Each structure stands twice: as structure tokens, then as C-alpha cells.
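Asks: Just so it is clear, I am handing over coords_34.pdb, which has PDB, C-alpha atoms and all ligand atoms.
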```
ATOM      1  CA  MET A   1      31.514  -1.351  22.783  1.00  0.00           C
ATOM      2  CA  ASP A   2      32.113   0.983  25.726  1.00  0.00           C
ATOM      3  CA  PRO A   3      29.677   3.728  26.785  1.00  0.00           C
ATOM      4  CA  PHE A   4      30.813   7.256  25.918  1.00  0.00           C
ATOM      5  CA  SER A   5      29.735  10.881  25.970  1.00  0.00           C
ATOM      6  CA  ILE A   6      30.217  13.624  23.409  1.00  0.00           C
ATOM      7  CA  VAL A   7      29.586  17.371  23.485  1.00  0.00           C
ATOM      8  CA  ALA A   8      27.643  19.643  21.164  1.00  0.00           C
ATOM      9  CA  ASP A   9      29.003  23.136  20.641  1.00  0.00           C
ATOM     10  CA  LEU A  10      25.919  25.140  21.555  1.00  0.00           C
ATOM     11  CA  GLU A  11      27.079  28.159  19.571  1.00  0.00           C
ATOM     12  CA  GLU A  12      27.517  26.116  16.413  1.00  0.00           C
ATOM     13  CA  GLY A  13      24.663  23.804  17.350  1.00  0.00           C
ATOM     14  CA  ALA A  14      26.404  20.717  16.010  1.00  0.00           C
ATOM     15  CA  PHE A  15      28.504  18.088  17.742  1.00  0.00           C
ATOM     16  CA  ALA A  16      32.137  19.100  17.999  1.00  0.00           C
ATOM     17  CA  LYS A  17      34.604  17.379  15.710  1.00  0.00           C
ATOM     18  CA  SER A  18      36.910  14.926  17.480  1.00  0.00           C
ATOM     19  CA  SER A  19      38.759  11.671  16.875  1.00  0.00           C
ATOM     20  CA  ARG A  20      35.602   9.722  17.736  1.00  0.00           C
ATOM     21  CA  MET A  21      33.492  11.640  15.235  1.00  0.00           C
ATOM     22  CA  VAL A  22      33.188  11.345  11.489  1.00  0.00           C
ATOM     23  CA  ARG A  23      31.991  14.122   9.222  1.00  0.00           C
ATOM     24  CA  ASN A  24      30.122  13.545   5.955  1.00  0.00           C
ATOM     25  CA  VAL A  25      29.876  16.465   3.575  1.00  0.00           C
ATOM     26  CA  LYS A  26      27.386  16.794   0.719  1.00  0.00           C
ATOM     27  CA  ARG A  27      28.295  19.307  -1.951  1.00  0.00           C
ATOM     28  CA  LEU A  28      26.120  20.678  -4.721  1.00  0.00           C
ATOM     29  CA  SER A  29      27.815  18.403  -7.297  1.00  0.00           C
ATOM     30  CA  SER A  30      26.636  15.293  -5.423  1.00  0.00           C
ATOM     31  CA  LEU A  31      23.003  16.485  -5.406  1.00  0.00           C
ATOM     32  CA  ARG A  32      22.249  16.289  -9.119  1.00  0.00           C
ATOM     33  CA  GLU A  33      18.518  16.034  -9.957  1.00  0.00           C
ATOM     34  CA  ILE A  34      17.524  16.862  -6.400  1.00  0.00           C
ATOM     35  CA  PHE A  35      16.586  20.466  -7.123  1.00  0.00           C
ATOM     36  CA  GLU A  36      13.806  21.377  -9.517  1.00  0.00           C
ATOM     37  CA  ASP A  37      15.496  24.313 -11.275  1.00  0.00           C
ATOM     38  CA  GLU A  38      18.133  22.524 -13.362  1.00  0.00           C
ATOM     39  CA  ALA A  39      19.312  25.747 -15.078  1.00  0.00           C
ATOM     40  CA  ASP A  40      20.024  27.496 -11.779  1.00  0.00           C
ATOM     41  CA  TYR A  41      21.611  24.308 -10.417  1.00  0.00           C
ATOM     42  CA  GLN A  42      24.125  24.327 -13.302  1.00  0.00           C
ATOM     43  CA  LYS A  43      24.709  28.061 -12.912  1.00  0.00           C
ATOM     44  CA  SER A  44      25.341  27.765  -9.157  1.00  0.00           C
ATOM     45  CA  LEU A  45      27.598  24.756  -9.646  1.00  0.00           C
ATOM     46  CA  SER A  46      29.687  26.583 -12.261  1.00  0.00           C
ATOM     47  CA  ARG A  47      30.271  29.394  -9.728  1.00  0.00           C
ATOM     48  CA  GLU A  48      31.174  27.183  -6.763  1.00  0.00           C
ATOM     49  CA  ASP A  49      30.645  23.592  -5.621  1.00  0.00           C
ATOM     50  CA  ARG A  50      29.178  24.682  -2.296  1.00  0.00           C
ATOM     51  CA  VAL A  51      28.632  22.498   0.759  1.00  0.00           C
ATOM     52  CA  VAL A  52      24.860  22.089   1.032  1.00  0.00           C
ATOM     53  CA  TYR A  53      24.789  19.967   4.180  1.00  0.00           C
ATOM     54  CA  GLU A  54      26.966  17.895   6.470  1.00  0.00           C
ATOM     55  CA  TYR A  55      26.704  15.354   9.250  1.00  0.00           C
ATOM     56  CA  THR A  56      28.840  14.920  12.332  1.00  0.00           C
ATOM     57  CA  ARG A  57      28.343  11.588  14.100  1.00  0.00           C
ATOM     58  CA  PRO A  58      30.213   9.147  16.313  1.00  0.00           C
ATOM     59  CA  VAL A  59      31.341   5.834  14.769  1.00  0.00           C
ATOM     60  CA  ILE A  60      28.899   3.138  15.856  1.00  0.00           C
ATOM     61  CA  PRO A  61      28.580  -0.385  14.382  1.00  0.00           C
ATOM     62  CA  PRO A  62      25.531  -0.726  12.032  1.00  0.00           C
ATOM     63  CA  GLU A  63      24.009  -3.555  14.049  1.00  0.00           C
ATOM     64  CA  PRO A  64      20.562  -4.385  15.488  1.00  0.00           C
ATOM     65  CA  GLY A  65      20.224  -2.905  18.962  1.00  0.00           C
ATOM     66  CA  GLN A  66      22.625  -0.033  18.256  1.00  0.00           C
ATOM     67  CA  LEU A  67      21.485   3.548  17.727  1.00  0.00           C
ATOM     68  CA  PHE A  68      22.888   5.880  15.089  1.00  0.00           C
ATOM     69  CA  PHE A  69      22.825   9.512  16.109  1.00  0.00           C
ATOM     70  CA  GLY A  70      24.494  12.779  15.295  1.00  0.00           C
ATOM     71  CA  THR A  71      23.862  16.305  14.101  1.00  0.00           C
ATOM     72  CA  SER A  72      22.993  17.437  10.598  1.00  0.00           C
ATOM     73  CA  THR A  73      23.803  20.970   9.461  1.00  0.00           C
ATOM     74  CA  ILE A  74      22.111  22.371   6.367  1.00  0.00           C
ATOM     75  CA  HIS A  75      23.694  25.588   5.163  1.00  0.00           C
ATOM     76  CA  PRO A  76      21.497  28.497   4.065  1.00  0.00           C
ATOM     77  CA  GLY A  77      20.983  28.883   0.337  1.00  0.00           C
ATOM     78  CA  ARG A  78      18.650  28.294  -2.579  1.00  0.00           C
ATOM     79  CA  ILE A  79      18.633  26.844  -6.071  1.00  0.00           C
ATOM     80  CA  GLY A  80      16.115  28.958  -7.927  1.00  0.00           C
ATOM     81  CA  ARG A  81      13.336  29.476  -5.393  1.00  0.00           C
ATOM     82  CA  GLU A  82      13.978  26.136  -3.704  1.00  0.00           C
ATOM     83  CA  TYR A  83      15.789  26.105  -0.378  1.00  0.00           C
ATOM     84  CA  PHE A  84      18.889  24.004   0.342  1.00  0.00           C
ATOM     85  CA  MET A  85      17.835  20.574   1.612  1.00  0.00           C
ATOM     86  CA  THR A  86      18.985  17.013   2.134  1.00  0.00           C
ATOM     87  CA  ALA A  87      18.659  14.368  -0.598  1.00  0.00           C
ATOM     88  CA  GLY A  88      16.021  12.598   1.502  1.00  0.00           C
ATOM     89  CA  HIS A  89      15.636   8.856   1.949  1.00  0.00           C
ATOM     90  CA  TYR A  90      13.609   5.904   3.116  1.00  0.00           C
ATOM     91  CA  HIS A  91      15.348   3.543   5.488  1.00  0.00           C
ATOM     92  CA  ALA A  92      16.512   0.328   3.772  1.00  0.00           C
ATOM     93  CA  LYS A  93      14.859  -1.515   6.640  1.00  0.00           C
ATOM     94  CA  LEU A  94      11.623   0.327   5.878  1.00  0.00           C
ATOM     95  CA  ALA A  95       9.783  -0.160   9.157  1.00  0.00           C
ATOM     96  CA  THR A  96      12.202   1.877  11.267  1.00  0.00           C
ATOM     97  CA  GLY A  97      11.551   5.337  12.686  1.00  0.00           C
ATOM     98  CA  GLU A  98      13.718   8.333  13.517  1.00  0.00           C
ATOM     99  CA  VAL A  99      13.571  11.393  15.738  1.00  0.00           C
ATOM    100  CA  TYR A 100      14.836  14.909  14.952  1.00  0.00           C
ATOM    101  CA  LEU A 101      15.379  17.731  17.418  1.00  0.00           C
ATOM    102  CA  CYS A 102      16.174  21.203  16.100  1.00  0.00           C
ATOM    103  CA  LEU A 103      19.168  22.803  17.845  1.00  0.00           C
ATOM    104  CA  LYS A 104      19.636  25.910  15.705  1.00  0.00           C
ATOM    105  CA  GLY A 105      18.019  27.855  12.892  1.00  0.00           C
ATOM    106  CA  GLU A 106      14.725  27.178  11.207  1.00  0.00           C
ATOM    107  CA  GLY A 107      13.531  24.691   8.669  1.00  0.00           C
ATOM    108  CA  ILE A 108      10.950  22.173   7.574  1.00  0.00           C
ATOM    109  CA  LEU A 109      10.951  18.405   7.853  1.00  0.00           C
ATOM    110  CA  LEU A 110       9.113  16.732   4.957  1.00  0.00           C
ATOM    111  CA  MET A 111       7.776  13.196   5.119  1.00  0.00           C
ATOM    112  CA  GLN A 112       6.148  10.947   2.570  1.00  0.00           C
ATOM    113  CA  ASN A 113       5.067   7.316   2.616  1.00  0.00           C
ATOM    114  CA  ARG A 114       4.732   4.826  -0.229  1.00  0.00           C
ATOM    115  CA  ALA A 115       0.995   5.502  -0.484  1.00  0.00           C
ATOM    116  CA  GLY A 116       1.873   9.108  -1.395  1.00  0.00           C
ATOM    117  CA  ARG A 117       0.819  10.640   1.903  1.00  0.00           C
ATOM    118  CA  THR A 118       2.907  13.718   2.687  1.00  0.00           C
ATOM    119  CA  ARG A 119       3.314  15.631   5.944  1.00  0.00           C
ATOM    120  CA  HIS A 120       5.511  18.552   6.882  1.00  0.00           C
ATOM    121  CA  PHE A 121       6.505  20.198  10.155  1.00  0.00           C
ATOM    122  CA  ARG A 122       8.107  23.571  10.694  1.00  0.00           C
ATOM    123  CA  MET A 123      11.101  23.395  13.009  1.00  0.00           C
ATOM    124  CA  ARG A 124      12.964  25.887  15.175  1.00  0.00           C
ATOM    125  CA  ARG A 125      15.220  25.434  18.202  1.00  0.00           C
ATOM    126  CA  GLY A 126      13.530  23.047  20.631  1.00  0.00           C
ATOM    127  CA  VAL A 127      11.056  21.452  18.214  1.00  0.00           C
ATOM    128  CA  ALA A 128      11.282  17.654  17.999  1.00  0.00           C
ATOM    129  CA  VAL A 129       9.634  15.732  15.161  1.00  0.00           C
ATOM    130  CA  TYR A 130       8.970  12.022  15.131  1.00  0.00           C
ATOM    131  CA  VAL A 131       9.293  10.215  11.811  1.00  0.00           C
ATOM    132  CA  PRO A 132       7.288   6.982  12.127  1.00  0.00           C
ATOM    133  CA  PRO A 133       8.371   3.760  10.385  1.00  0.00           C
ATOM    134  CA  CYS A 134       7.866   3.636   6.578  1.00  0.00           C
ATOM    135  CA  PHE A 135       8.106   7.400   5.956  1.00  0.00           C
ATOM    136  CA  ALA A 136      10.759   8.924   3.687  1.00  0.00           C
ATOM    137  CA  HIS A 137      12.181  12.104   5.195  1.00  0.00           C
ATOM    138  CA  ARG A 138      14.020  15.230   4.104  1.00  0.00           C
ATOM    139  CA  THR A 139      15.024  18.376   5.995  1.00  0.00           C
ATOM    140  CA  VAL A 140      15.023  21.845   4.420  1.00  0.00           C
ATOM    141  CA  ASN A 141      16.741  25.020   5.640  1.00  0.00           C
ATOM    142  CA  THR A 142      14.218  27.862   5.262  1.00  0.00           C
ATOM    143  CA  GLY A 143      16.225  30.375   7.304  1.00  0.00           C
ATOM    144  CA  SER A 144      19.184  32.666   6.759  1.00  0.00           C
ATOM    145  CA  GLU A 145      21.548  30.846   9.149  1.00  0.00           C
ATOM    146  CA  GLU A 146      22.579  27.213   9.525  1.00  0.00           C
ATOM    147  CA  PHE A 147      19.755  24.775  10.313  1.00  0.00           C
ATOM    148  CA  VAL A 148      21.065  22.187  12.767  1.00  0.00           C
ATOM    149  CA  CYS A 149      19.237  19.090  14.041  1.00  0.00           C
ATOM    150  CA  PHE A 150      20.078  16.213  16.332  1.00  0.00           C
ATOM    151  CA  TYR A 151      18.825  12.899  14.937  1.00  0.00           C
ATOM    152  CA  CYS A 152      18.642   9.293  16.169  1.00  0.00           C
ATOM    153  CA  PHE A 153      17.548   6.063  14.440  1.00  0.00           C
ATOM    154  CA  PRO A 154      18.147   2.284  14.701  1.00  0.00           C
ATOM    155  CA  GLY A 155      21.699   1.241  13.845  1.00  0.00           C
ATOM    156  CA  ASP A 156      20.586  -1.416  11.348  1.00  0.00           C
ATOM    157  CA  ALA A 157      18.059   0.830   9.492  1.00  0.00           C
ATOM    158  CA  GLY A 158      20.297   1.641   6.501  1.00  0.00           C
ATOM    159  CA  HIS A 159      19.429   4.123   3.750  1.00  0.00           C
ATOM    160  CA  ASP A 160      17.406   3.806   0.557  1.00  0.00           C
ATOM    161  CA  TYR A 161      17.938   6.821  -1.742  1.00  0.00           C
ATOM    162  CA  GLU A 162      16.972   5.005  -4.953  1.00  0.00           C
ATOM    163  CA  SER A 163      13.212   4.761  -4.337  1.00  0.00           C
ATOM    164  CA  LEU A 164      13.009   8.549  -4.196  1.00  0.00           C
ATOM    165  CA  LYS A 165      15.024   9.009  -7.372  1.00  0.00           C
ATOM    166  CA  THR A 166      12.267   7.464  -9.495  1.00  0.00           C
ATOM    167  CA  ARG A 167       9.322   9.192  -7.886  1.00  0.00           C
ATOM    168  CA  GLY A 168      10.774  12.037  -5.866  1.00  0.00           C
ATOM    169  CA  PHE A 169       9.022  13.998  -3.168  1.00  0.00           C
ATOM    170  CA  LEU A 170       5.519  15.090  -4.118  1.00  0.00           C
ATOM    171  CA  VAL A 171       6.025  18.496  -2.490  1.00  0.00           C
ATOM    172  CA  ARG A 172       8.849  21.027  -2.497  1.00  0.00           C
ATOM    173  CA  VAL A 173       9.715  23.943  -0.223  1.00  0.00           C
ATOM    174  CA  LYS A 174      10.126  27.207  -2.103  1.00  0.00           C
ATOM    175  CA  GLU A 175      10.396  30.886  -1.291  1.00  0.00           C
ATOM    176  CA  ARG A 176       7.167  32.718  -2.133  1.00  0.00           C
ATOM    177  CA  LYS A 177       6.894  36.440  -1.372  1.00  0.00           C
ATOM    178  CA  GLY A 178       9.802  36.166   1.030  1.00  0.00           C
ATOM    179  CA  LYS A 179       8.337  33.230   2.957  1.00  0.00           C
ATOM    180  CA  PRO A 180       8.803  29.464   2.801  1.00  0.00           C
ATOM    181  CA  SER A 181       5.904  27.727   1.111  1.00  0.00           C
ATOM    182  CA  VAL A 182       5.231  24.004   0.641  1.00  0.00           C
ATOM    183  CA  VAL A 183       4.055  23.490  -2.944  1.00  0.00           C
ATOM    184  CA  PRO A 184       3.349  20.484  -5.216  1.00  0.00           C
ATOM    185  CA  SER A 185       6.400  19.245  -7.094  1.00  0.00           C
ATOM    186  CA  ALA A 186       6.432  19.727 -10.874  1.00  0.00           C
ATOM    187  CA  LYS A 187       7.653  16.148 -11.144  1.00  0.00           C
ATOM    188  CA  ARG A 188       4.503  14.889  -9.463  1.00  0.00           C
ATOM    189  CA  ARG A 189       2.631  13.863 -12.614  1.00  0.00           C
ATOM    190  CA  GLU A 190       5.715  12.287 -14.142  1.00  0.00           C
ATOM    191  CA  GLY A 191       6.122  10.138 -11.029  1.00  0.00           C
ATOM    192  CA  ARG A 192       2.522   9.045 -11.115  1.00  0.00           C
ATOM    193  CA  ASN A 193       2.682   8.083 -14.766  1.00  0.00           C
ATOM    194  CA  ARG A 194       5.579   5.815 -13.975  1.00  0.00           C
ATOM    195  CA  GLY A 195       3.377   4.035 -11.480  1.00  0.00           C
ATOM    196  CA  GLY A 196       5.305   5.280  -8.460  1.00  0.00           C
ATOM    197  CA  ALA A 197       7.151   3.232  -5.888  1.00  0.00           C
TER     198      ALA A 197
HETATM  199 MN    MN A 201      16.718   8.573   8.233  1.00  0.00          MN
END
```
Rewrite the coordinates I just gave you, this time as C-alpha cells.

Replies:
Amino acid sequence: MDPFSIVADLEEGAFAKSSRMVRNVKRLSSLREIFEDEADYQKSLSREDRVVYEYTRPVIPPEPGQLFFGTSTIHPGRIGREYFMTAGHYHAKLATGEVYLCLKGEGILLMQNRAGRTRHFRMRRGVAVYVPPCFAHRTVNTGSEEFVCFYCFPGDAGHDYESLKTRGFLVRVKERKGKPSVVPSAKRREGRNRGGA
């Protein structure tokens, strides 16, 4: 393929939409069982099927040697006390890393490996976080505006959402006394009893 350049709108933070770019939108209805507070999830969904996050990325072939990159935008909001966040995933090709650079807003990047080790990093404009191979990752918008990140990972990495559906993340990001707090997930014990991934 030919080299190319694209432009991020620095007001919006994200890459501008164009014929080269595709946009993926994740609404509340497609994020069932992601949030802990099921009652508030149903209540919010009955009011409006809001956009929780979206990606804007150029079309690149999913092949070894290629790089996938783009911008992710998580809108501000909460379900119960839990902030809007991405579904989170491992890469299908597990031993592949990723880098995130915050362009706008504030948030937290959560990571977890198969041994159950969790790490989190607070992000604001200018903060880059490296996700090493074999770590699941999820971004969370803890601010009152859009949380926008640039990301880049190997083109043949793929996505594995299923492994996290059985065990889930061991920690969650919730509002406590007006501030974001990383707390153990209520589903933690359930996941352990199942033997985990
Ligand atoms: Mn990834």
C-alpha cells in the first residue's frame, strides 16, 4: 500500500473523519454485562441508547508488519458509580503490545494479565502508556469531557473479548467522594471460583 498522512483535529482531539477513515461506534446496548450496576444500566438504556465510545482509524490490512492506529474517544458518563469505559480486550495474538497517548481529557488505563496481575495508569493530555504483550487493556473516562487517546498496535494482533467475559477485570473505576477510585470488582470471587482464564 502507499504511504499516507492524516490529520487530527486538535480541538476535538480525534482524527478527522474522511474517506480514508472508518468510524466504529459502541453504544450502551452493545455493552451488556460490562458495567457492574445492572439496574442502572437498564435504567440508562431505557432512557437513551447513548454512544459510550468510538474509534476513528484509517483502513489498513490486518497483516503481519502492518500497524493499526487511530484515535479512541470515550464520552463522559457513568453507570451507577462506574465511569464510561471500553469493553476491554486481550489481543488474539496474545504476545503483542500497544501504545496509548492521551490527546484530550482525563482517564485511566487498566491492564491485567492472565496471572491476575493488574496495573493502572492515570492519563491526561501528553501521557503515553505502554501496554506490554499479554496484558488485557481497558480505558476509562474519569473526566467531565471527552477522553481521547491515540493508539497503535501490530496489524495482525486481533482482538479477544471472550476471555474477559468469563473472568472480567479484577478492578473497576468508580466515583468515590467526587473522585475516581480504583476498587476491587464485585465479580472477582465469582471469577476465581470458575478457575479464571
Ligand atoms: Mn488493544

Asks: List the spatial neighbours of Arg125 in chain A as a list in words - criterion: any atom at most 7 Å away, all atoms listed in the file, same-chain residues fewer than 5 positions off excluded.

Replies: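 Neighbouring residues, sequence-local ones excluded: Cys102, Leu103, Lys104 and Gly105 of chain A.
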
Asks: Starting from the shown file, work through the PyMOL selection byres (((chain A and resi 133) around 9) and not hetatm) and note down what comes out as a list in words.

Replies: His91, Leu94, Ala95, Thr96, Gly97, Glu98, Val131, Pro132, Cys134, Phe135 and Ala136 of chain A

Asks: Counting only C-alpha atoms, what is within 8 Å of range 41-54 of chain A, bar same-chain residues fewer than 3 positions away, as a ChimeraX atom specification?

Replies: /A:23-29,35,37-38,72-77,79-80,84-86

Asks: (19.6, -3.7, 16.3) in this file's frame - what residues fall within 12 Å of it? Use all atoms listed in the file and give the answer as a PyMOL selection string.

Replies: chain A and resi 60-68+93+96+153-158

Asks: Grab the CA of Thr166 in chain A to CA of Arg78 in chain A distance for me, in Å with one decimal place.

Replies: 22.9 Å

Asks: If you measure from CA of Phe169 in chain A to CA of Gly13 in chain A, what distance in Å do you get, rounded to one decimal?

Replies: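 That distance, rounded to one decimal, is 27.6 Å.
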
Asks: Which residues would end up in the selection if the PyMOL selection byres (((chain A and resi 171) around 10) and not hetatm) were applied here, given that I need the answer as a PDB file with C-alpha atoms, in the frame of the given file?

Replies:
```pdb
ATOM      1  CA  LEU A 110       9.113  16.732   4.957  1.00  0.00           C
ATOM      2  CA  MET A 111       7.776  13.196   5.119  1.00  0.00           C
ATOM      3  CA  GLN A 112       6.148  10.947   2.570  1.00  0.00           C
ATOM      4  CA  THR A 118       2.907  13.718   2.687  1.00  0.00           C
ATOM      5  CA  ARG A 119       3.314  15.631   5.944  1.00  0.00           C
ATOM      6  CA  HIS A 120       5.511  18.552   6.882  1.00  0.00           C
ATOM      7  CA  GLY A 168      10.774  12.037  -5.866  1.00  0.00           C
ATOM      8  CA  PHE A 169       9.022  13.998  -3.168  1.00  0.00           C
ATOM      9  CA  LEU A 170       5.519  15.090  -4.118  1.00  0.00           C
ATOM     10  CA  ARG A 172       8.849  21.027  -2.497  1.00  0.00           C
ATOM     11  CA  VAL A 173       9.715  23.943  -0.223  1.00  0.00           C
ATOM     12  CA  LYS A 174      10.126  27.207  -2.103  1.00  0.00           C
ATOM     13  CA  SER A 181       5.904  27.727   1.111  1.00  0.00           C
ATOM     14  CA  VAL A 182       5.231  24.004   0.641  1.00  0.00           C
ATOM     15  CA  VAL A 183       4.055  23.490  -2.944  1.00  0.00           C
ATOM     16  CA  PRO A 184       3.349  20.484  -5.216  1.00  0.00           C
ATOM     17  CA  SER A 185       6.400  19.245  -7.094  1.00  0.00           C
ATOM     18  CA  ALA A 186       6.432  19.727 -10.874  1.00  0.00           C
ATOM     19  CA  LYS A 187       7.653  16.148 -11.144  1.00  0.00           C
ATOM     20  CA  ARG A 188       4.503  14.889  -9.463  1.00  0.00           C
TER      21      ARG A 188
END
```

Asks: Kindly provide, as JSON, the centre and edge lengths (Å, one decimal) of an axis-aligned box around all atoms of range 97-116 of chain A given in the file, with 4 Å on each side.

Replies:
```
{"center_x": 10.3, "center_y": 16.3, "center_z": 8.2, "size_x": 26.6, "size_y": 31.0, "size_z": 27.2}
```

Asks: Of the residues A:Lys165, A:Arg117, A:Gly70, A:Val127, which is the one nearest to ligand MN 201 (chain A), using only C-alpha atoms and all ligand atoms?

Replies: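 Ranking A:Lys165, A:Arg117, A:Gly70, A:Val127 by distance to ligand MN 201 (chain A), first place goes to A:Gly70.
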
Asks: Show me the residues close to (29.5, 9.3, 21.8) - anything with an atom within 12 Å, counting only C-alpha atoms - and format the list as a short mmCIF file (atom, residue, chain, number, x, y, z; two decimals) with C-alpha atoms, keeping the file's coordinate frame.

Replies:
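As a result, result05.cif now contains:
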```cif
data_model
loop_
_atom_site.label_atom_id
_atom_site.label_comp_id
_atom_site.auth_asym_id
_atom_site.auth_seq_id
_atom_site.Cartn_x
_atom_site.Cartn_y
_atom_site.Cartn_z
CA MET A 1 31.51 -1.35 22.78
CA ASP A 2 32.11 0.98 25.73
CA PRO A 3 29.68 3.73 26.78
CA PHE A 4 30.81 7.26 25.92
CA SER A 5 29.74 10.88 25.97
CA ILE A 6 30.22 13.62 23.41
CA VAL A 7 29.59 17.37 23.48
CA ALA A 8 27.64 19.64 21.16
CA PHE A 15 28.50 18.09 17.74
CA ALA A 16 32.14 19.10 18.00
CA LYS A 17 34.60 17.38 15.71
CA SER A 18 36.91 14.93 17.48
CA SER A 19 38.76 11.67 16.88
CA ARG A 20 35.60 9.72 17.74
CA MET A 21 33.49 11.64 15.24
CA VAL A 22 33.19 11.34 11.49
CA THR A 56 28.84 14.92 12.33
CA ARG A 57 28.34 11.59 14.10
CA PRO A 58 30.21 9.15 16.31
CA VAL A 59 31.34 5.83 14.77
CA ILE A 60 28.90 3.14 15.86
CA LEU A 67 21.48 3.55 17.73
CA PHE A 68 22.89 5.88 15.09
CA PHE A 69 22.82 9.51 16.11
CA GLY A 70 24.49 12.78 15.30
CA THR A 71 23.86 16.30 14.10
#
```

Asks: For CA of Met123 in chain A and CA of Ala14 in chain A, quote the distance in Å rounded to one decimal.

Replies: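 It comes out at 15.8 Å.
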
Asks: Check the smallest atom-to-atom distance from each of A:Leu109, A:Cys149, A:Arg138, A:Glu82 to ligand MN 201 (chain A) using only C-alpha atoms and all ligand atoms, then report the winner.

Replies: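 Closest to ligand MN 201 (chain A) of all the choices is A:Arg138.
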
Asks: Run the PyMOL selection byres (((chain A and resi 162) around 12) and not hetatm) against the file shown and list the residues it catches, as a list of chain:residue names.

Replies: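 When the PyMOL selection byres (((chain A and resi 162) around 12) and not hetatm) is applied, the selected residues are A:Ile34, A:Ala87, A:Gly88, A:His89, A:Tyr90, A:His91, A:Ala92, A:Ala136, A:His159, A:Asp160, A:Tyr161, A:Ser163, A:Leu164, A:Lys165, A:Thr166, A:Arg167, A:Gly168, A:Ala197.
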
Asks: Quick one: everything within 8 Å of Arg122 in chain A, counting all atoms listed in the file, minus sequence neighbours fewer than 3 positions away in the same chain. Send it as number ranges by chain.

Replies: A: 106-109

Asks: Taking into account all atoms listed in the file, which residue in the set A:Tyr83, A:Ala115, A:Phe121, A:Tyr100 is nearest to ligand MN 201 (chain A)?

Replies: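 Of A:Tyr83, A:Ala115, A:Phe121, A:Tyr100, the one nearest ligand MN 201 (chain A), counting all atoms listed in the file, is A:Tyr100.
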
Asks: Using all atoms listed in the file, find the one residue out of A:Pro180, A:Val99, A:Asp40, A:Val129 that sits nearest to ligand MN 201 (chain A).

Replies: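 Answer, going by the shortest atom-to-atom distance: A:Val99.
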
Asks: Measuring between only C-alpha atoms and all ligand atoms, which one of A:Arg124, A:Asn141, A:Glu175, A:Phe150 shows the shortest distance to ligand MN 201 (chain A)?

Replies: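 Smallest distance to ligand MN 201 (chain A) is found for A:Phe150.
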
Asks: Starting from the incomplete input, reconstruct N, CA and C atoms of range 73-89 of chain A and report them as a CSV table (one decimal), in the coordinates of the input.

Replies:
```
chain,number,residue,atom,x,y,z
A,73,THR,N,23.8,19.5,9.7
A,73,THR,CA,23.8,21.0,9.5
A,73,THR,C,23.5,21.3,8.0
A,74,ILE,N,22.4,21.9,7.7
A,74,ILE,CA,22.1,22.4,6.4
A,74,ILE,C,22.4,23.9,6.3
A,75,HIS,N,23.3,24.2,5.3
A,75,HIS,CA,23.7,25.6,5.2
A,75,HIS,C,22.6,26.4,4.5
A,76,PRO,N,22.5,27.7,4.7
A,76,PRO,CA,21.5,28.5,4.1
A,76,PRO,C,21.8,28.7,2.6
A,77,GLY,N,20.8,28.7,1.8
A,77,GLY,CA,21.0,28.9,0.3
A,77,GLY,C,19.8,28.4,-0.4
A,78,ARG,N,19.8,28.7,-1.7
A,78,ARG,CA,18.6,28.3,-2.6
A,78,ARG,C,19.2,28.0,-4.0
A,79,ILE,N,18.4,27.1,-4.6
A,79,ILE,CA,18.6,26.8,-6.1
A,79,ILE,C,17.3,27.3,-6.7
A,80,GLY,N,17.4,28.4,-7.5
A,80,GLY,CA,16.1,29.0,-7.9
A,80,GLY,C,15.4,29.4,-6.7
A,81,ARG,N,14.1,29.1,-6.6
A,81,ARG,CA,13.3,29.5,-5.4
A,81,ARG,C,13.3,28.4,-4.3
A,82,GLU,N,14.0,27.3,-4.6
A,82,GLU,CA,14.0,26.1,-3.7
A,82,GLU,C,15.1,26.2,-2.7
A,83,TYR,N,14.8,26.0,-1.4
A,83,TYR,CA,15.8,26.1,-0.4
A,83,TYR,C,16.7,24.9,-0.4
A,84,PHE,N,17.9,25.1,0.1
A,84,PHE,CA,18.9,24.0,0.3
A,84,PHE,C,18.2,22.9,1.2
A,85,MET,N,18.5,21.7,0.9
A,85,MET,CA,17.8,20.6,1.6
A,85,MET,C,18.7,19.3,1.5
A,86,THR,N,18.3,18.3,2.2
A,86,THR,CA,19.0,17.0,2.1
A,86,THR,C,18.4,16.2,1.0
A,87,ALA,N,19.1,15.2,0.5
A,87,ALA,CA,18.7,14.4,-0.6
A,87,ALA,C,17.3,13.7,-0.2
A,88,GLY,N,17.2,13.3,1.0
A,88,GLY,CA,16.0,12.6,1.5
A,88,GLY,C,16.1,11.1,1.2
A,89,HIS,N,15.5,10.3,2.1
A,89,HIS,CA,15.6,8.9,1.9
A,89,HIS,C,14.5,8.1,2.7
```
